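Student: Contents are compact mmCIF, N, CA and C atoms; file name start36.txt:
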```txt
# COMPACT_ATOMS: atom_id res chain seq x y z
N MET Z 84 16.67 45.57 123.89
CA MET Z 84 15.63 44.83 123.18
C MET Z 84 15.72 45.00 121.67
N LYS Z 85 16.62 45.82 121.19
CA LYS Z 85 16.73 46.05 119.76
C LYS Z 85 16.91 44.72 119.03
N GLY Z 86 16.13 44.53 117.97
CA GLY Z 86 16.20 43.30 117.19
C GLY Z 86 15.27 42.21 117.68
N THR Z 87 14.57 42.44 118.79
CA THR Z 87 13.65 41.43 119.31
C THR Z 87 12.21 41.78 118.91
N LYS Z 88 11.35 40.78 118.92
CA LYS Z 88 9.94 40.99 118.62
C LYS Z 88 9.24 41.42 119.90
N VAL Z 89 8.48 42.50 119.75
CA VAL Z 89 7.85 43.12 120.90
C VAL Z 89 6.41 43.51 120.59
N ILE Z 90 5.67 43.80 121.65
CA ILE Z 90 4.38 44.46 121.54
C ILE Z 90 4.57 45.85 122.12
N VAL Z 91 4.13 46.85 121.36
CA VAL Z 91 4.21 48.24 121.79
C VAL Z 91 2.80 48.78 121.95
N ARG Z 92 2.56 49.43 123.08
CA ARG Z 92 1.28 50.11 123.28
C ARG Z 92 1.53 51.60 123.19
N GLY Z 93 0.82 52.24 122.28
CA GLY Z 93 0.89 53.69 122.15
C GLY Z 93 -0.18 54.33 123.00
N ASP Z 94 0.07 55.55 123.42
CA ASP Z 94 -0.89 56.27 124.24
C ASP Z 94 -2.22 56.47 123.51
N ARG Z 95 -2.14 56.81 122.23
CA ARG Z 95 -3.34 57.02 121.42
C ARG Z 95 -3.34 56.24 120.12
N SER Z 96 -2.18 55.77 119.71
CA SER Z 96 -2.06 55.15 118.38
C SER Z 96 -2.48 53.69 118.34
N GLY Z 97 -2.49 53.00 119.46
CA GLY Z 97 -2.93 51.62 119.48
C GLY Z 97 -1.84 50.66 119.93
N VAL Z 98 -2.03 49.39 119.57
CA VAL Z 98 -1.13 48.32 119.99
C VAL Z 98 -0.55 47.68 118.74
N PHE Z 99 0.77 47.44 118.76
CA PHE Z 99 1.50 46.95 117.60
C PHE Z 99 2.41 45.80 117.97
N PHE Z 100 2.64 44.92 117.00
CA PHE Z 100 3.58 43.80 117.15
C PHE Z 100 4.59 43.91 116.02
N GLY Z 101 5.86 43.79 116.36
CA GLY Z 101 6.89 43.83 115.33
C GLY Z 101 8.27 43.73 115.93
N THR Z 102 9.28 43.89 115.09
CA THR Z 102 10.67 43.83 115.52
C THR Z 102 11.15 45.23 115.86
N LEU Z 103 11.65 45.40 117.07
CA LEU Z 103 12.13 46.70 117.51
C LEU Z 103 13.39 47.07 116.76
N SER Z 104 13.32 48.18 116.04
CA SER Z 104 14.44 48.64 115.23
C SER Z 104 15.18 49.78 115.93
N GLU Z 105 14.41 50.76 116.43
CA GLU Z 105 15.00 51.91 117.10
C GLU Z 105 14.08 52.41 118.19
N ARG Z 106 14.67 53.06 119.19
CA ARG Z 106 13.89 53.72 120.24
C ARG Z 106 14.61 54.98 120.67
N ASN Z 107 13.84 56.05 120.75
CA ASN Z 107 14.35 57.33 121.24
C ASN Z 107 13.25 57.95 122.10
N GLY Z 108 13.33 57.74 123.40
CA GLY Z 108 12.25 58.20 124.28
C GLY Z 108 10.97 57.47 123.95
N ARG Z 109 9.92 58.23 123.66
CA ARG Z 109 8.63 57.62 123.33
C ARG Z 109 8.49 57.31 121.85
N GLU Z 110 9.50 57.63 121.06
CA GLU Z 110 9.46 57.32 119.62
C GLU Z 110 10.10 55.95 119.40
N VAL Z 111 9.32 55.06 118.79
CA VAL Z 111 9.75 53.68 118.58
C VAL Z 111 9.55 53.33 117.11
N LYS Z 112 10.54 52.73 116.51
CA LYS Z 112 10.42 52.27 115.13
C LYS Z 112 10.39 50.74 115.14
N LEU Z 113 9.36 50.18 114.51
CA LEU Z 113 9.22 48.73 114.36
C LEU Z 113 9.32 48.38 112.89
N THR Z 114 9.89 47.22 112.59
CA THR Z 114 9.90 46.69 111.24
C THR Z 114 9.07 45.41 111.22
N ASN Z 115 8.61 45.05 110.02
CA ASN Z 115 7.79 43.85 109.84
C ASN Z 115 6.72 43.80 110.92
N CYS Z 116 5.84 44.80 110.90
CA CYS Z 116 4.91 44.95 112.02
C CYS Z 116 3.45 44.96 111.57
N ARG Z 117 2.61 44.71 112.56
CA ARG Z 117 1.17 44.73 112.33
C ARG Z 117 0.48 45.32 113.55
N ARG Z 118 -0.67 45.93 113.31
CA ARG Z 118 -1.46 46.49 114.40
C ARG Z 118 -2.32 45.37 114.99
N LEU Z 119 -2.37 45.32 116.29
CA LEU Z 119 -3.22 44.36 116.99
C LEU Z 119 -4.49 45.12 117.37
N TRP Z 120 -5.45 45.12 116.46
CA TRP Z 120 -6.64 45.94 116.60
C TRP Z 120 -7.60 45.37 117.64
N TYR Z 121 -7.73 44.06 117.68
CA TYR Z 121 -8.62 43.40 118.64
C TYR Z 121 -8.08 42.00 118.90
N TRP Z 122 -8.05 41.59 120.16
CA TRP Z 122 -7.61 40.23 120.46
C TRP Z 122 -8.59 39.57 121.43
N ALA Z 123 -8.64 38.27 121.35
CA ALA Z 123 -9.43 37.44 122.24
C ALA Z 123 -8.52 36.34 122.74
N GLY Z 124 -8.85 35.78 123.88
CA GLY Z 124 -8.05 34.68 124.39
C GLY Z 124 -6.83 35.12 125.18
N ALA Z 125 -6.78 36.40 125.54
CA ALA Z 125 -5.74 36.93 126.43
C ALA Z 125 -6.37 38.13 127.14
N ALA Z 126 -6.15 38.21 128.45
CA ALA Z 126 -6.78 39.26 129.24
C ALA Z 126 -6.14 40.63 129.03
N SER Z 127 -4.88 40.66 128.63
CA SER Z 127 -4.16 41.92 128.49
C SER Z 127 -3.02 41.75 127.48
N ILE Z 128 -2.36 42.84 127.13
CA ILE Z 128 -1.23 42.71 126.22
C ILE Z 128 -0.05 42.04 126.93
N SER Z 129 -0.01 42.11 128.25
CA SER Z 129 1.03 41.39 128.99
C SER Z 129 0.88 39.88 128.78
N GLN Z 130 -0.35 39.39 128.91
CA GLN Z 130 -0.60 37.96 128.67
C GLN Z 130 -0.38 37.61 127.21
N LEU Z 131 -0.77 38.51 126.32
CA LEU Z 131 -0.58 38.28 124.89
C LEU Z 131 0.91 38.15 124.57
N ALA Z 132 1.75 38.98 125.19
CA ALA Z 132 3.20 38.92 124.96
C ALA Z 132 3.83 37.68 125.57
N ALA Z 133 3.27 37.19 126.65
CA ALA Z 133 3.82 36.02 127.33
C ALA Z 133 3.32 34.70 126.76
N GLU Z 134 2.03 34.64 126.43
CA GLU Z 134 1.41 33.37 126.05
C GLU Z 134 0.79 33.34 124.66
N GLY Z 135 0.57 34.50 124.07
CA GLY Z 135 -0.13 34.54 122.79
C GLY Z 135 -1.62 34.51 123.00
N THR Z 136 -2.36 34.29 121.93
CA THR Z 136 -3.81 34.24 122.01
C THR Z 136 -4.30 32.80 122.04
N MET Z 137 -5.32 32.57 122.82
CA MET Z 137 -5.94 31.24 122.88
C MET Z 137 -7.10 31.13 121.88
N CYS Z 138 -7.46 32.25 121.25
CA CYS Z 138 -8.58 32.28 120.30
C CYS Z 138 -8.17 33.02 119.02
N PRO Z 139 -7.25 32.46 118.25
CA PRO Z 139 -6.75 33.18 117.08
C PRO Z 139 -7.81 33.51 116.04
N ASN Z 140 -8.85 32.72 115.94
CA ASN Z 140 -9.89 32.97 114.94
C ASN Z 140 -10.77 34.16 115.29
N GLN Z 141 -10.67 34.64 116.52
CA GLN Z 141 -11.48 35.78 116.95
C GLN Z 141 -10.68 37.09 116.98
N CYS Z 142 -9.40 37.03 116.65
CA CYS Z 142 -8.54 38.21 116.70
C CYS Z 142 -8.64 39.01 115.41
N LYS Z 143 -8.37 40.31 115.52
CA LYS Z 143 -8.32 41.20 114.36
C LYS Z 143 -6.94 41.85 114.35
N PHE Z 144 -6.02 41.20 113.63
CA PHE Z 144 -4.65 41.69 113.48
C PHE Z 144 -4.48 42.09 112.01
N THR Z 145 -4.03 43.30 111.78
CA THR Z 145 -3.94 43.81 110.42
C THR Z 145 -2.83 43.14 109.62
N MET Z 146 -2.75 43.53 108.35
CA MET Z 146 -1.66 43.08 107.49
C MET Z 146 -0.34 43.67 107.99
N TYR Z 147 0.75 43.06 107.56
CA TYR Z 147 2.08 43.55 107.93
C TYR Z 147 2.46 44.74 107.07
N VAL Z 148 3.19 45.67 107.66
CA VAL Z 148 3.84 46.75 106.92
C VAL Z 148 5.33 46.65 107.19
N ASP Z 149 6.12 47.14 106.25
CA ASP Z 149 7.58 47.02 106.38
C ASP Z 149 8.13 47.77 107.58
N GLU Z 150 7.54 48.94 107.87
CA GLU Z 150 8.07 49.76 108.96
C GLU Z 150 7.01 50.72 109.45
N ILE Z 151 7.06 51.02 110.73
CA ILE Z 151 6.17 52.02 111.31
C ILE Z 151 6.93 52.74 112.40
N GLU Z 152 6.66 54.02 112.54
CA GLU Z 152 7.23 54.80 113.63
C GLU Z 152 6.09 55.21 114.55
N ILE Z 153 6.17 54.78 115.78
CA ILE Z 153 5.15 55.08 116.79
C ILE Z 153 5.69 56.23 117.63
N LEU Z 154 4.96 57.32 117.69
CA LEU Z 154 5.46 58.53 118.35
C LEU Z 154 5.00 58.67 119.79
N ASP Z 155 4.14 57.75 120.25
CA ASP Z 155 3.57 57.89 121.59
C ASP Z 155 3.65 56.61 122.42
N ALA Z 156 4.75 55.88 122.29
CA ALA Z 156 4.89 54.60 122.99
C ALA Z 156 4.91 54.80 124.50
N ILE Z 157 4.10 54.02 125.19
CA ILE Z 157 4.10 54.08 126.65
C ILE Z 157 4.41 52.71 127.27
N GLU Z 158 4.50 51.69 126.44
CA GLU Z 158 4.80 50.35 126.94
C GLU Z 158 5.43 49.53 125.83
N ILE Z 159 6.52 48.84 126.15
CA ILE Z 159 7.18 47.94 125.21
C ILE Z 159 7.40 46.62 125.95
N ILE Z 160 6.83 45.54 125.42
CA ILE Z 160 6.92 44.24 126.08
C ILE Z 160 7.55 43.23 125.13
N PRO Z 161 8.66 42.61 125.52
CA PRO Z 161 9.23 41.57 124.66
C PRO Z 161 8.31 40.36 124.61
N CYS Z 162 8.26 39.70 123.47
CA CYS Z 162 7.39 38.55 123.27
C CYS Z 162 8.16 37.24 123.46
N SER Z 163 7.48 36.28 124.03
CA SER Z 163 8.05 34.93 124.15
C SER Z 163 7.97 34.23 122.81
N ASP Z 164 8.71 33.15 122.65
CA ASP Z 164 8.65 32.36 121.41
C ASP Z 164 7.23 31.85 121.18
N ARG Z 165 6.57 31.44 122.25
CA ARG Z 165 5.19 30.94 122.15
C ARG Z 165 4.26 32.04 121.63
N SER Z 166 4.43 33.25 122.17
CA SER Z 166 3.61 34.37 121.75
C SER Z 166 3.85 34.74 120.29
N ILE Z 167 5.11 34.78 119.89
CA ILE Z 167 5.45 35.12 118.50
C ILE Z 167 4.78 34.16 117.54
N LYS Z 168 4.89 32.88 117.82
CA LYS Z 168 4.27 31.86 116.96
C LYS Z 168 2.76 32.06 116.89
N SER Z 169 2.16 32.36 118.02
CA SER Z 169 0.72 32.56 118.08
C SER Z 169 0.28 33.79 117.29
N ILE Z 170 0.93 34.92 117.52
CA ILE Z 170 0.55 36.17 116.84
C ILE Z 170 0.79 36.07 115.34
N GLU Z 171 1.91 35.51 114.97
CA GLU Z 171 2.22 35.37 113.53
C GLU Z 171 1.28 34.38 112.85
N GLY Z 172 0.65 33.50 113.62
CA GLY Z 172 -0.27 32.53 113.07
C GLY Z 172 -1.68 33.04 112.85
N VAL Z 173 -1.97 34.24 113.36
CA VAL Z 173 -3.31 34.81 113.19
C VAL Z 173 -3.46 35.34 111.77
N ASP Z 174 -4.54 34.95 111.12
CA ASP Z 174 -4.81 35.40 109.76
C ASP Z 174 -4.94 36.92 109.71
N VAL Z 175 -4.58 37.50 108.58
CA VAL Z 175 -4.70 38.94 108.37
C VAL Z 175 -6.17 39.33 108.35
N TRP Z 176 -6.49 40.37 109.10
CA TRP Z 176 -7.84 40.91 109.11
C TRP Z 176 -7.84 42.17 108.25
N LYS Z 177 -8.71 42.20 107.25
CA LYS Z 177 -8.88 43.39 106.43
C LYS Z 177 -10.23 43.34 105.75
N ARG Z 178 -10.61 44.47 105.22
CA ARG Z 178 -11.92 44.56 104.56
C ARG Z 178 -11.74 44.75 103.08
```
So that I can check it, write out the structure of this file as structure tokens.
Tutor:
Amino acid sequence: MKGTKVIVRGDRSGVFFGTLSERNGREVKLTNCRRLWYWAGAASISQLAAEGTMCPNQCKFTMYVDEIEILDAIEIIPCSDRSIKSIEGVDVWKR
């Protein structure tokens, strides 16, 4: 999956979307990534990875960062083209 856009669920760190750069056990490095803090219009991250969100205006996806290392990954799901377009289309949520 290296080089593909994925959703990663961390045990305690949260849910992230980005390009898989490296993986070593539960340590995962993503580039061009954002945290998916809250989503609507998908029942689970599996549906989010397959179909995207049906309610982009209700989602809270953070700004992008160049790189993040997640130390507690427990799930990595490749995203469909439809999902990528949907997630990337959600406005940045910040305060």
Student: Please list as a list in words every residue within 8 Å of stretch 94-102 of chain Z, counting all atoms listed in the file and excluding residues in the same chain fewer than 6 positions away.
Tutor: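 Close residues of stretch 94-102 of chain Z: Met84, Lys85, Gly86, Thr87, Lys88, Lys112, Leu113, Thr114, Asn115, Cys116, Arg117, Arg118, Leu119, Trp120, Ile153, Leu154, Asp155, Ala156, Ile157 and Glu158 of chain Z.
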Student: Check the DSSP output for the backbone and give back, as a list in words, the residues of chain Z in helix (DSSP H, G or I).
Tutor: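 DSSP-assigned helix (DSSP H, G or I) residues in chain Z: Ile128, Ser129, Gln130, Leu131, Ala132, Ala133, Glu134, Pro139, Asn140, Gln141, Asp164, Arg165, Ser166, Ile167, Lys168, Ser169, Ile170 and Glu171 of chain Z.
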Student: Do you have the atom CA of Z:Thr136-atom CA of Z:Arg92 distance handy?
Tutor: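 Computing it gives 16.7 Å between the two atoms.
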Student: Grab the atom N of Z:Arg178 to atom CA of Z:Gly124 distance for me, in Å with one decimal place.
Tutor: 21.7 Å
Student: Hey, can you check how far atom CA of Z:Ile167 sits from atom CA of Z:Gly135?
Tutor: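 So the answer is 7.1 Å.
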